[in-house]
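Participant: What follows is input.cif, made up of mmCIF, C-alpha atoms and all ligand atoms:
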```
data_my_file
loop_
_atom_site.label_atom_id
_atom_site.label_comp_id
_atom_site.auth_asym_id
_atom_site.auth_seq_id
_atom_site.Cartn_x
_atom_site.Cartn_y
_atom_site.Cartn_z
CA MET J 1 -22.41 2.59 -43.97
CA THR J 2 -25.85 0.98 -44.32
CA ARG J 3 -27.07 -2.43 -43.10
CA PHE J 4 -28.63 -4.29 -46.08
CA LEU J 5 -30.66 -7.49 -46.08
CA VAL J 6 -30.76 -8.92 -49.63
CA THR J 7 -33.04 -11.74 -50.81
CA GLY J 8 -32.04 -13.83 -53.83
CA ALA J 9 -28.36 -13.48 -52.91
CA SER J 10 -27.40 -16.43 -55.13
CA GLY J 11 -29.17 -14.93 -58.16
CA LEU J 12 -27.68 -12.78 -60.91
CA LEU J 13 -28.68 -9.47 -59.36
CA GLY J 14 -28.65 -10.41 -55.66
CA LEU J 15 -25.15 -11.90 -55.73
CA ASN J 16 -23.62 -9.00 -57.66
CA PHE J 17 -25.39 -6.58 -55.32
CA CYS J 18 -24.05 -8.32 -52.20
CA VAL J 19 -20.47 -8.61 -53.52
CA GLN J 20 -20.36 -4.98 -54.66
CA ALA J 21 -22.14 -3.47 -51.64
CA ALA J 22 -20.08 -5.48 -49.13
CA SER J 23 -17.01 -3.33 -49.82
CA ALA J 24 -18.68 -0.32 -48.17
CA HIS J 25 -21.71 -1.65 -46.27
CA GLU J 26 -22.81 -4.37 -43.87
CA VAL J 27 -24.60 -6.97 -46.00
CA SER J 28 -26.58 -10.11 -45.19
CA GLY J 29 -27.81 -12.18 -48.13
CA ILE J 30 -30.51 -14.87 -48.17
CA VAL J 31 -29.99 -17.85 -50.50
CA ASN J 32 -32.29 -20.81 -51.03
CA SER J 33 -31.18 -23.91 -52.98
CA VAL J 34 -27.71 -22.66 -53.98
CA SER J 35 -25.14 -22.42 -51.20
CA LEU J 36 -22.21 -20.03 -51.22
CA LYS J 37 -18.65 -20.33 -49.93
CA ASN J 38 -16.11 -17.63 -48.99
CA ALA J 39 -18.70 -14.91 -49.63
CA PRO J 40 -17.60 -11.43 -48.54
CA PHE J 41 -20.95 -10.98 -46.73
CA GLN J 42 -23.09 -12.87 -44.21
CA VAL J 43 -24.99 -15.72 -45.92
CA ILE J 44 -28.31 -17.04 -44.61
CA GLN J 45 -29.90 -20.12 -46.17
CA HIS J 46 -33.70 -20.04 -46.13
CA ASN J 47 -36.65 -20.97 -48.30
CA LEU J 48 -38.94 -17.93 -48.32
CA GLU J 49 -42.01 -19.78 -49.63
CA ASP J 50 -43.45 -19.17 -46.17
CA HIS J 51 -42.85 -15.42 -45.91
CA LYS J 52 -43.71 -15.38 -42.18
CA VAL J 53 -40.18 -16.67 -41.38
CA PHE J 54 -38.88 -13.40 -42.81
CA ARG J 55 -39.68 -11.62 -39.54
CA SER J 56 -37.12 -13.68 -37.59
CA LEU J 57 -34.47 -12.89 -40.25
CA ILE J 58 -35.22 -9.17 -39.91
CA ASP J 59 -34.98 -9.48 -36.12
CA SER J 60 -31.55 -11.08 -36.33
CA CYS J 61 -30.05 -8.89 -39.12
CA LYS J 62 -31.69 -5.58 -38.13
CA PRO J 63 -31.44 -4.14 -41.66
CA GLU J 64 -31.93 -0.49 -42.51
CA VAL J 65 -32.70 -1.43 -46.12
CA ILE J 66 -34.16 -4.62 -47.66
CA ILE J 67 -33.33 -5.31 -51.31
CA HIS J 68 -35.86 -7.89 -52.47
CA CYS J 69 -34.39 -9.70 -55.52
CA ALA J 70 -35.68 -13.25 -54.89
CA ALA J 71 -38.21 -14.34 -57.49
CA MET J 72 -39.39 -17.20 -59.62
CA ALA J 73 -37.86 -15.68 -62.74
CA ASN J 74 -37.94 -18.61 -65.15
CA ILE J 75 -40.76 -17.91 -67.61
CA ASP J 76 -41.47 -21.56 -68.43
CA ASN J 77 -41.54 -22.63 -64.75
CA CYS J 78 -44.02 -19.83 -64.06
CA GLU J 79 -46.25 -21.02 -66.93
CA SER J 80 -46.25 -24.60 -65.59
CA GLN J 81 -46.61 -23.66 -61.87
CA PRO J 82 -48.74 -20.48 -61.82
CA GLN J 83 -49.80 -20.85 -58.18
CA LEU J 84 -46.24 -21.13 -56.90
CA ALA J 85 -45.25 -18.24 -59.19
CA PHE J 86 -47.94 -16.06 -57.59
CA GLN J 87 -46.82 -17.12 -54.12
CA ILE J 88 -43.16 -16.22 -54.76
CA ASN J 89 -43.60 -13.20 -57.04
CA ALA J 90 -46.62 -11.55 -55.41
CA ASP J 91 -47.48 -12.96 -51.93
CA LEU J 92 -43.86 -12.97 -50.74
CA PRO J 93 -43.08 -9.33 -51.67
CA ALA J 94 -46.46 -8.30 -50.19
CA GLY J 95 -45.52 -9.93 -46.88
CA ILE J 96 -42.06 -8.34 -46.94
CA ALA J 97 -43.61 -4.94 -47.74
CA ARG J 98 -46.04 -5.23 -44.83
CA GLN J 99 -43.25 -6.09 -42.40
CA SER J 100 -40.95 -3.36 -43.73
CA ARG J 101 -43.71 -0.76 -43.22
CA GLU J 102 -44.51 -1.99 -39.69
CA LEU J 103 -40.82 -1.84 -38.72
CA GLY J 104 -39.91 1.36 -40.62
CA ILE J 105 -37.36 -0.37 -42.86
CA LYS J 106 -36.71 0.94 -46.39
CA LEU J 107 -37.77 -1.59 -49.06
CA VAL J 108 -36.42 -1.82 -52.60
CA HIS J 109 -38.48 -4.27 -54.63
CA ILE J 110 -37.17 -5.51 -57.96
CA SER J 111 -39.69 -5.79 -60.78
CA THR J 112 -39.39 -6.14 -64.55
CA ASP J 113 -39.53 -4.09 -67.76
CA ALA J 114 -41.90 -6.77 -69.12
CA VAL J 115 -44.99 -5.55 -67.24
CA PHE J 116 -45.85 -3.94 -70.61
CA ASP J 117 -47.24 -5.79 -73.62
CA GLY J 118 -44.53 -4.38 -75.89
CA ILE J 119 -46.89 -3.15 -78.59
CA LYS J 120 -46.44 0.63 -78.39
CA GLY J 121 -42.96 0.96 -76.83
CA ASP J 122 -41.58 4.20 -75.32
CA TYR J 123 -43.36 3.42 -72.03
CA SER J 124 -43.20 5.80 -69.09
CA GLU J 125 -43.95 4.93 -65.46
CA SER J 126 -47.46 6.38 -65.88
CA ASP J 127 -48.39 4.11 -68.83
CA PRO J 128 -50.80 1.32 -67.85
CA PRO J 129 -49.05 -2.08 -67.71
CA ASN J 130 -50.50 -5.03 -69.60
CA PRO J 131 -48.38 -8.14 -68.94
CA VAL J 132 -48.66 -11.01 -71.42
CA GLY J 133 -47.59 -14.15 -69.49
CA VAL J 134 -47.81 -15.78 -66.05
CA TYR J 135 -44.36 -14.54 -64.93
CA THR J 136 -45.07 -10.93 -65.82
CA LYS J 137 -48.65 -11.05 -64.46
CA THR J 138 -47.34 -12.25 -61.09
CA LYS J 139 -44.60 -9.57 -61.14
CA LEU J 140 -47.20 -6.84 -61.78
CA ALA J 141 -49.35 -8.24 -58.96
CA GLY J 142 -46.21 -8.07 -56.79
CA GLU J 143 -45.71 -4.37 -57.64
CA ASN J 144 -49.32 -3.52 -56.81
CA LEU J 145 -49.34 -5.45 -53.53
CA VAL J 146 -45.98 -3.96 -52.45
CA LEU J 147 -47.21 -0.41 -53.02
CA SER J 148 -50.51 -1.03 -51.23
CA GLU J 149 -48.71 -2.58 -48.23
CA ASN J 150 -45.89 -0.02 -48.16
CA PRO J 151 -46.44 3.17 -50.21
CA ASP J 152 -42.89 4.30 -49.33
CA ALA J 153 -41.31 1.32 -51.09
CA LEU J 154 -39.09 1.83 -54.14
CA ILE J 155 -39.91 -0.39 -57.12
CA ALA J 156 -37.19 -0.74 -59.75
CA ARG J 157 -38.30 -2.12 -63.13
CA VAL J 158 -35.16 -3.68 -64.52
CA ASN J 159 -33.53 -5.74 -67.24
CA PHE J 160 -29.87 -6.66 -66.87
CA TYR J 161 -26.98 -8.92 -67.89
CA GLY J 162 -23.59 -9.79 -66.49
CA TYR J 163 -21.71 -12.58 -64.73
CA SER J 164 -23.67 -15.15 -62.72
CA ILE J 165 -22.75 -17.98 -60.34
CA SER J 166 -23.80 -20.65 -62.88
CA GLY J 167 -22.08 -18.89 -65.77
CA SER J 168 -25.25 -19.27 -67.82
CA ARG J 169 -27.96 -17.08 -66.27
CA SER J 170 -27.69 -13.96 -68.40
CA LEU J 171 -28.08 -13.05 -72.06
CA SER J 172 -24.47 -11.83 -72.25
CA GLU J 173 -23.31 -15.23 -70.95
CA PHE J 174 -25.48 -16.96 -73.59
CA PHE J 175 -23.88 -14.97 -76.41
CA LEU J 176 -20.34 -15.21 -74.99
CA LYS J 177 -20.51 -18.98 -74.48
CA ASN J 178 -21.83 -19.72 -77.97
CA LEU J 179 -19.47 -17.26 -79.64
CA ARG J 180 -16.46 -18.72 -77.81
CA ASP J 181 -17.56 -22.28 -78.67
CA GLN J 182 -18.08 -21.09 -82.27
CA LYS J 183 -21.67 -22.36 -82.19
CA PRO J 184 -24.31 -20.63 -84.34
CA MET J 185 -27.10 -18.97 -82.34
CA MET J 186 -30.22 -16.88 -82.94
CA GLY J 187 -30.43 -13.15 -82.24
CA PHE J 188 -33.91 -11.61 -82.24
CA THR J 189 -34.28 -8.62 -84.53
CA ASP J 190 -37.78 -7.71 -83.30
CA VAL J 191 -37.22 -7.73 -79.51
CA ARG J 192 -36.16 -4.29 -78.28
CA PHE J 193 -34.94 -3.64 -74.73
CA ASN J 194 -32.74 -1.34 -72.61
CA PRO J 195 -30.58 -3.77 -70.61
CA LEU J 196 -28.10 -2.55 -68.00
CA LEU J 197 -24.91 -4.28 -66.94
CA VAL J 198 -25.81 -5.73 -63.54
CA ASN J 199 -22.87 -3.93 -61.90
CA HIS J 200 -24.16 -0.58 -63.19
CA LEU J 201 -27.63 -1.54 -61.91
CA VAL J 202 -26.15 -2.20 -58.45
CA ASP J 203 -24.50 1.26 -58.47
CA LEU J 204 -27.84 2.83 -59.40
CA LEU J 205 -29.79 0.91 -56.73
CA LEU J 206 -27.29 2.07 -54.09
CA GLU J 207 -27.63 5.64 -55.33
CA MET J 208 -31.45 5.48 -55.47
CA THR J 209 -31.51 4.09 -51.93
CA ALA J 210 -29.22 6.86 -50.68
CA CYS J 211 -31.57 9.42 -52.32
CA ASN J 212 -34.53 7.70 -50.59
CA LEU J 213 -36.55 7.43 -53.82
CA LYS J 214 -40.08 6.05 -53.53
CA GLY J 215 -42.51 4.62 -56.07
CA ILE J 216 -41.86 3.10 -59.49
CA TYR J 217 -38.71 3.85 -61.51
CA HIS J 218 -37.59 2.40 -64.84
CA THR J 219 -34.04 1.48 -63.85
CA LEU J 220 -32.57 0.73 -67.25
CA SER J 221 -30.01 1.87 -69.78
CA SER J 222 -30.69 5.12 -71.61
CA GLU J 223 -30.26 3.28 -74.93
CA THR J 224 -32.56 0.77 -76.62
CA LEU J 225 -31.35 -1.94 -78.97
CA THR J 226 -32.50 -5.30 -80.34
CA LYS J 227 -31.29 -8.59 -78.89
CA TYR J 228 -29.52 -9.24 -82.21
CA GLU J 229 -27.67 -5.89 -81.99
CA PHE J 230 -26.78 -6.64 -78.35
CA GLY J 231 -25.17 -9.95 -79.37
CA CYS J 232 -23.29 -8.29 -82.23
CA ARG J 233 -21.91 -5.58 -79.94
CA ILE J 234 -20.62 -8.23 -77.54
CA ALA J 235 -19.03 -10.18 -80.41
CA LYS J 236 -17.31 -7.01 -81.66
CA LYS J 237 -16.00 -5.98 -78.23
CA PHE J 238 -14.69 -9.47 -77.41
CA ASN J 239 -13.29 -9.88 -80.95
CA LEU J 240 -15.47 -12.93 -81.70
CA ASP J 241 -17.20 -13.97 -84.94
CA GLN J 242 -20.40 -11.93 -85.22
CA SER J 243 -21.57 -13.95 -88.26
CA LEU J 244 -22.38 -16.85 -85.88
CA ILE J 245 -25.41 -14.82 -84.70
CA ARG J 246 -28.34 -15.45 -87.04
CA PRO J 247 -30.72 -12.47 -87.25
CA ILE J 248 -34.24 -13.84 -86.84
CA SER J 249 -37.68 -12.71 -85.68
CA VAL J 250 -39.34 -14.34 -82.65
CA LYS J 251 -42.13 -15.59 -84.94
CA GLN J 252 -39.64 -17.38 -87.24
CA SER J 253 -37.77 -18.87 -84.25
CA GLY J 254 -40.59 -21.20 -83.14
CA LEU J 255 -40.48 -20.07 -79.48
CA VAL J 256 -43.84 -20.76 -77.85
CA ALA J 257 -44.07 -18.63 -74.67
CA THR J 258 -45.53 -15.21 -75.54
CA ARG J 259 -43.05 -12.35 -75.24
CA SER J 260 -43.42 -8.57 -75.24
CA LEU J 261 -41.52 -7.30 -78.27
CA ASN J 262 -40.93 -3.57 -77.87
CA LEU J 263 -39.70 -3.06 -74.31
CA ASN J 264 -38.21 0.34 -74.96
CA LEU J 265 -38.95 2.06 -71.62
CA ARG J 266 -38.41 5.75 -70.88
CA THR J 267 -35.85 6.50 -68.17
CA ASP J 268 -36.19 10.30 -67.85
CA LYS J 269 -37.92 10.06 -64.43
CA LEU J 270 -34.88 8.35 -62.94
CA ARG J 271 -32.41 10.61 -64.77
CA SER J 272 -34.01 13.74 -63.32
CA ALA J 273 -34.32 12.21 -59.83
CA ILE J 274 -30.61 11.38 -59.59
CA GLY J 275 -29.39 14.30 -61.70
CA HIS J 276 -27.16 12.49 -64.18
CA GLU J 277 -27.24 10.38 -67.34
CA LEU J 278 -27.75 6.61 -67.21
CA PRO J 279 -25.18 4.25 -68.80
CA ASP J 280 -25.56 3.66 -72.55
CA GLN J 281 -24.97 0.26 -74.17
CA GLN J 282 -21.31 0.86 -75.01
CA ALA J 283 -20.53 1.76 -71.38
CA GLY J 284 -22.10 -1.53 -70.23
CA ILE J 285 -20.33 -3.71 -72.78
CA ASP J 286 -16.96 -1.97 -72.22
CA GLU J 287 -17.29 -2.68 -68.48
CA LEU J 288 -18.39 -6.29 -69.17
CA PHE J 289 -15.14 -6.70 -71.13
CA ARG J 290 -13.03 -5.02 -68.45
CA LEU J 291 -14.54 -7.20 -65.71
CA ASN J 292 -13.86 -10.31 -67.81
CA ASN J 293 -10.19 -9.35 -68.17
CA ALA J 294 -9.98 -8.62 -64.43
CA GLY J 295 -11.14 -12.18 -63.59
CA TYR J 296 -14.52 -11.05 -62.20
CA ALA J 297 -16.53 -13.85 -63.92
CA GLU J 298 -14.32 -16.51 -62.26
CA LYS J 299 -14.54 -14.68 -58.92
CA ILE J 300 -18.36 -14.84 -59.05
CA ARG J 301 -18.46 -18.51 -60.11
CA ALA J 302 -15.94 -19.45 -57.36
CA LEU J 303 -18.50 -18.39 -54.72
CA ARG J 304 -20.59 -21.51 -55.42
CA GLY J 305 -20.52 -23.70 -52.28
N1 LIG Q 1 -32.44 -11.29 -65.23
C1 LIG Q 1 -33.10 -10.25 -65.79
O1 LIG Q 1 -32.69 -9.65 -66.81
C2 LIG Q 1 -34.37 -9.74 -65.16
C3 LIG Q 1 -35.23 -9.00 -65.98
C4 LIG Q 1 -36.33 -8.41 -65.41
C5 LIG Q 1 -36.59 -8.57 -64.06
N2 LIG Q 1 -35.78 -9.33 -63.28
C6 LIG Q 1 -36.08 -9.43 -61.85
O2 LIG Q 1 -34.88 -9.19 -61.13
C7 LIG Q 1 -34.88 -9.94 -59.92
C8 LIG Q 1 -33.63 -10.77 -59.82
O3 LIG Q 1 -33.57 -11.62 -60.96
P1 LIG Q 1 -32.31 -12.58 -61.22
O4 LIG Q 1 -32.19 -12.73 -62.69
O5 LIG Q 1 -31.16 -12.12 -60.42
O6 LIG Q 1 -32.91 -13.94 -60.64
P2 LIG Q 1 -32.24 -15.39 -60.57
O7 LIG Q 1 -30.82 -15.33 -61.03
O8 LIG Q 1 -33.19 -16.32 -61.24
O9 LIG Q 1 -32.24 -15.67 -59.01
C9 LIG Q 1 -33.44 -15.85 -58.30
C10 LIG Q 1 -33.10 -15.80 -56.84
O10 LIG Q 1 -34.31 -15.99 -56.08
C11 LIG Q 1 -34.07 -16.97 -55.09
N3 LIG Q 1 -35.29 -17.68 -54.76
C12 LIG Q 1 -36.18 -18.25 -55.62
N4 LIG Q 1 -37.14 -18.89 -54.92
C13 LIG Q 1 -36.85 -18.70 -53.60
C14 LIG Q 1 -37.47 -19.12 -52.39
N5 LIG Q 1 -38.56 -19.88 -52.38
N6 LIG Q 1 -36.91 -18.75 -51.21
C15 LIG Q 1 -35.78 -17.99 -51.20
N7 LIG Q 1 -35.15 -17.55 -52.31
C16 LIG Q 1 -35.69 -17.92 -53.50
C17 LIG Q 1 -33.05 -17.91 -55.73
O11 LIG Q 1 -32.40 -18.68 -54.72
P3 LIG Q 1 -31.66 -20.09 -55.05
O12 LIG Q 1 -31.07 -19.94 -56.43
O13 LIG Q 1 -30.62 -20.19 -53.97
O14 LIG Q 1 -32.70 -21.14 -54.99
C18 LIG Q 1 -32.13 -16.90 -56.41
O15 LIG Q 1 -31.23 -16.38 -55.48
C19 LIG Q 1 -36.17 -10.76 -59.96
O16 LIG Q 1 -37.15 -10.06 -59.24
C20 LIG Q 1 -36.55 -10.80 -61.41
O17 LIG Q 1 -37.95 -10.96 -61.58
C21 LIG Q 1 -34.69 -9.95 -63.82
#
```
Produce structure tokens that represent the structure in this file.

Facilitator:
Amino acid sequence: MTRFLVTGASGLLGLNFCVQAASAHEVSGIVNSVSLKNAPFQVIQHNLEDHKVFRSLIDSCKPEVIIHCAAMANIDNCESQPQLAFQINADLPAGIARQSRELGIKLVHISTDAVFDGIKGDYSESDPPNPVGVYTKTKLAGENLVLSENPDALIARVNFYGYSISGSRSLSEFFLKNLRDQKPMMGFTDVRFNPLLVNHLVDLLLEMTACNLKGIYHTLSSETLTKYEFGCRIAKKFNLDQSLIRPISVKQSGLVATRSLNLNLRTDKLRSAIGHELPDQQAGIDELFRLNNAGYAEKIRALRG
């Protein structure tokens, strides 16, 4: 059993991590504006804008591992408030990394697949990043500061979907809601990515922590697909009308914020470190469907305080 302190415990990743890990570990989760009720782990409410308060939380929880998921992850908010984005996505993880090194606590810092510009694709961990927007620039700054403050930290570059507390945080929830409401929606044919089901990501993070991995790892599915194909696979699995998803390119869609298009990232470094294959897209969508039928989406939403 390990003692975990998780930031962003109300977010898509943090909440699923806490719920899943709490069945075998001692877990404390920090939330900010969203409160939780009946959570199967200790909940601490704190704004981490001032990262110095983090020390008192470490002193009271005495974690062996910190999983840092909290972030300003809304691309448009980052574009309109770049200073705050830097504070949350770069200064905060740097402060946490410094404290984790001083106290000898393992740190897992969550970053993003979108540190690359998405022009060449097939990126490995040794390819130079070139982020295209404020959010991704602050996330890359976060990675660099974390590693300079604590070279033993593990940085997971991720992209994931699944069930969130709001019911609307993830791409799978976007497709499922519109498909169930029989509303037409766009599916990008020129955005490629390797998303993981968040529950599979949690399993991998627990495994990577147990293996004491250090440095940067692309923690993603082994299989790349377009956002349009992702939506179609969900429609097919949930027996919903796939023709509601309109195949369209980002350029045609009129979206303004710049996006990296080809985020096909290599995952062989992680596969050889843990010694087994990573989940493919069908495994993720099959499990998304199974969790839905088992009432997991309602269970997550019912935690909202
Ligand atoms: N979703 C994706 O596919 C994706 C893709 C690439 C990378 N990532 C990265 O994965 C990590 C988790 O993302 P997510 O999608 O789970 O995020 P999310 O659902 O947007 O949740 C963000 C979390 O951060 C917390 N937070 C924000 N500002 C805070 C502050 N000042 N003090 C304390 N907590 C604060 C939020 O707390 P409250 O809600 O309580 O305010 C929330 O728990 C992030 O590092 C993100 O950059 C996500």

Participant: Of the residues J:Gln42, J:Ser10, J:Asn144, J:Thr2, which is the one nearest to Leu303 of chain J, using only C-alpha atoms?

Facilitator: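 Nearest to Leu303 of chain J: J:Ser10.
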
Participant: Counting all atoms listed in the file, what is within 12 Å of segment 237-254 of chain J, bar same-chain residues fewer than 3 positions away, as a ChimeraX atom specification?

Facilitator: /J:172,174-192,226-234,257-262,281-293

Participant: I need the chosen residues saved as an mmCIF file, keeping the file's coordinate frame, with C-alpha atoms.

Facilitator:
```cif
data_model
loop_
_atom_site.group_PDB
_atom_site.id
_atom_site.type_symbol
_atom_site.label_atom_id
_atom_site.label_comp_id
_atom_site.auth_asym_id
_atom_site.auth_seq_id
_atom_site.Cartn_x
_atom_site.Cartn_y
_atom_site.Cartn_z
ATOM 1 C CA SER J 172 -24.470 -11.830 -72.250
ATOM 2 C CA PHE J 174 -25.480 -16.960 -73.590
ATOM 3 C CA PHE J 175 -23.880 -14.970 -76.410
ATOM 4 C CA LEU J 176 -20.340 -15.210 -74.990
ATOM 5 C CA LYS J 177 -20.510 -18.980 -74.480
ATOM 6 C CA ASN J 178 -21.830 -19.720 -77.970
ATOM 7 C CA LEU J 179 -19.470 -17.260 -79.640
ATOM 8 C CA ARG J 180 -16.460 -18.720 -77.810
ATOM 9 C CA ASP J 181 -17.560 -22.280 -78.670
ATOM 10 C CA GLN J 182 -18.080 -21.090 -82.270
ATOM 11 C CA LYS J 183 -21.670 -22.360 -82.190
ATOM 12 C CA PRO J 184 -24.310 -20.630 -84.340
ATOM 13 C CA MET J 185 -27.100 -18.970 -82.340
ATOM 14 C CA MET J 186 -30.220 -16.880 -82.940
ATOM 15 C CA GLY J 187 -30.430 -13.150 -82.240
ATOM 16 C CA PHE J 188 -33.910 -11.610 -82.240
ATOM 17 C CA THR J 189 -34.280 -8.620 -84.530
ATOM 18 C CA ASP J 190 -37.780 -7.710 -83.300
ATOM 19 C CA VAL J 191 -37.220 -7.730 -79.510
ATOM 20 C CA ARG J 192 -36.160 -4.290 -78.280
ATOM 21 C CA THR J 226 -32.500 -5.300 -80.340
ATOM 22 C CA LYS J 227 -31.290 -8.590 -78.890
ATOM 23 C CA TYR J 228 -29.520 -9.240 -82.210
ATOM 24 C CA GLU J 229 -27.670 -5.890 -81.990
ATOM 25 C CA PHE J 230 -26.780 -6.640 -78.350
ATOM 26 C CA GLY J 231 -25.170 -9.950 -79.370
ATOM 27 C CA CYS J 232 -23.290 -8.290 -82.230
ATOM 28 C CA ARG J 233 -21.910 -5.580 -79.940
ATOM 29 C CA ILE J 234 -20.620 -8.230 -77.540
ATOM 30 C CA ALA J 257 -44.070 -18.630 -74.670
ATOM 31 C CA THR J 258 -45.530 -15.210 -75.540
ATOM 32 C CA ARG J 259 -43.050 -12.350 -75.240
ATOM 33 C CA SER J 260 -43.420 -8.570 -75.240
ATOM 34 C CA LEU J 261 -41.520 -7.300 -78.270
ATOM 35 C CA ASN J 262 -40.930 -3.570 -77.870
ATOM 36 C CA GLN J 281 -24.970 0.260 -74.170
ATOM 37 C CA GLN J 282 -21.310 0.860 -75.010
ATOM 38 C CA ALA J 283 -20.530 1.760 -71.380
ATOM 39 C CA GLY J 284 -22.100 -1.530 -70.230
ATOM 40 C CA ILE J 285 -20.330 -3.710 -72.780
ATOM 41 C CA ASP J 286 -16.960 -1.970 -72.220
ATOM 42 C CA GLU J 287 -17.290 -2.680 -68.480
ATOM 43 C CA LEU J 288 -18.390 -6.290 -69.170
ATOM 44 C CA PHE J 289 -15.140 -6.700 -71.130
ATOM 45 C CA ARG J 290 -13.030 -5.020 -68.450
ATOM 46 C CA LEU J 291 -14.540 -7.200 -65.710
ATOM 47 C CA ASN J 292 -13.860 -10.310 -67.810
ATOM 48 C CA ASN J 293 -10.190 -9.350 -68.170
#
```

Participant: Closest to ligand LIG 1 (chain Q) among J:Lys37, J:His46, J:Lys120, J:Lys52, using only C-alpha atoms and all ligand atoms?

Facilitator: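 Once distances to ligand LIG 1 (chain Q) are computed over only C-alpha atoms and all ligand atoms, the minimum belongs to J:His46.
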
Participant: May I ask which of the residues J:Gly162, J:Pro63, J:Gly215, J:Gly305 is the closest one to Val202 of chain J, counting all atoms listed in the file?

Facilitator: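 Answer, going by the shortest atom-to-atom distance: J:Gly162.
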
Participant: When the cut-off is 6 Å and you count all atoms listed in the file, which residues lie near ligand LIG 1 (chain Q), shown as a count of residues only?

Facilitator: 28

Participant: Would you mind reading off the distance between atom CA of Thr136 of chain J and atom CA of Glu277 of chain J, one decimal, in Å?

Facilitator: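 Atom CA of Glu277 of chain J lies at a distance of 27.8 Å from atom CA of Thr136 of chain J.
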
Participant: From the structure block, carefully write segment 164-169 of chain J out with all heavy atoms; format it as a compact mmCIF listing (two decimals), in the first residue's frame.

Facilitator:
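Result file follows (out.txt):
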```txt
# COMPACT_ATOMS: atom_id res chain seq x y z
N SER J 164 -16.40 12.04 -16.37
CA SER J 164 -15.99 13.14 -15.49
C SER J 164 -17.12 13.53 -14.55
O SER J 164 -18.28 13.14 -14.75
CB SER J 164 -15.60 14.36 -16.33
OG SER J 164 -16.76 14.88 -16.97
N ILE J 165 -16.78 14.35 -13.55
CA ILE J 165 -17.78 14.75 -12.55
C ILE J 165 -18.86 15.64 -13.16
O ILE J 165 -20.02 15.61 -12.74
CB ILE J 165 -17.08 15.42 -11.35
CG1 ILE J 165 -17.99 15.42 -10.13
CG2 ILE J 165 -16.59 16.82 -11.68
CD1 ILE J 165 -17.28 15.63 -8.83
N SER J 166 -18.51 16.42 -14.19
CA SER J 166 -19.50 17.31 -14.82
C SER J 166 -20.30 16.57 -15.89
O SER J 166 -21.35 17.02 -16.33
CB SER J 166 -18.79 18.49 -15.47
OG SER J 166 -17.94 18.02 -16.50
N GLY J 167 -19.77 15.45 -16.34
CA GLY J 167 -20.41 14.71 -17.44
C GLY J 167 -20.12 15.31 -18.80
O GLY J 167 -20.66 14.87 -19.82
N SER J 168 -19.25 16.34 -18.83
CA SER J 168 -19.01 17.00 -20.12
C SER J 168 -17.55 17.38 -20.34
O SER J 168 -17.24 18.17 -21.20
CB SER J 168 -19.87 18.27 -20.22
OG SER J 168 -19.56 19.14 -19.15
N ARG J 169 -16.62 16.82 -19.54
CA ARG J 169 -15.23 17.24 -19.64
C ARG J 169 -14.49 16.60 -20.82
O ARG J 169 -13.60 17.18 -21.39
CB ARG J 169 -14.50 16.91 -18.32
CG ARG J 169 -13.00 17.12 -18.33
CD ARG J 169 -12.64 18.59 -18.28
NE ARG J 169 -11.20 18.81 -18.36
CZ ARG J 169 -10.56 19.13 -19.49
NH1 ARG J 169 -11.21 19.23 -20.62
NH2 ARG J 169 -9.26 19.34 -19.47
```
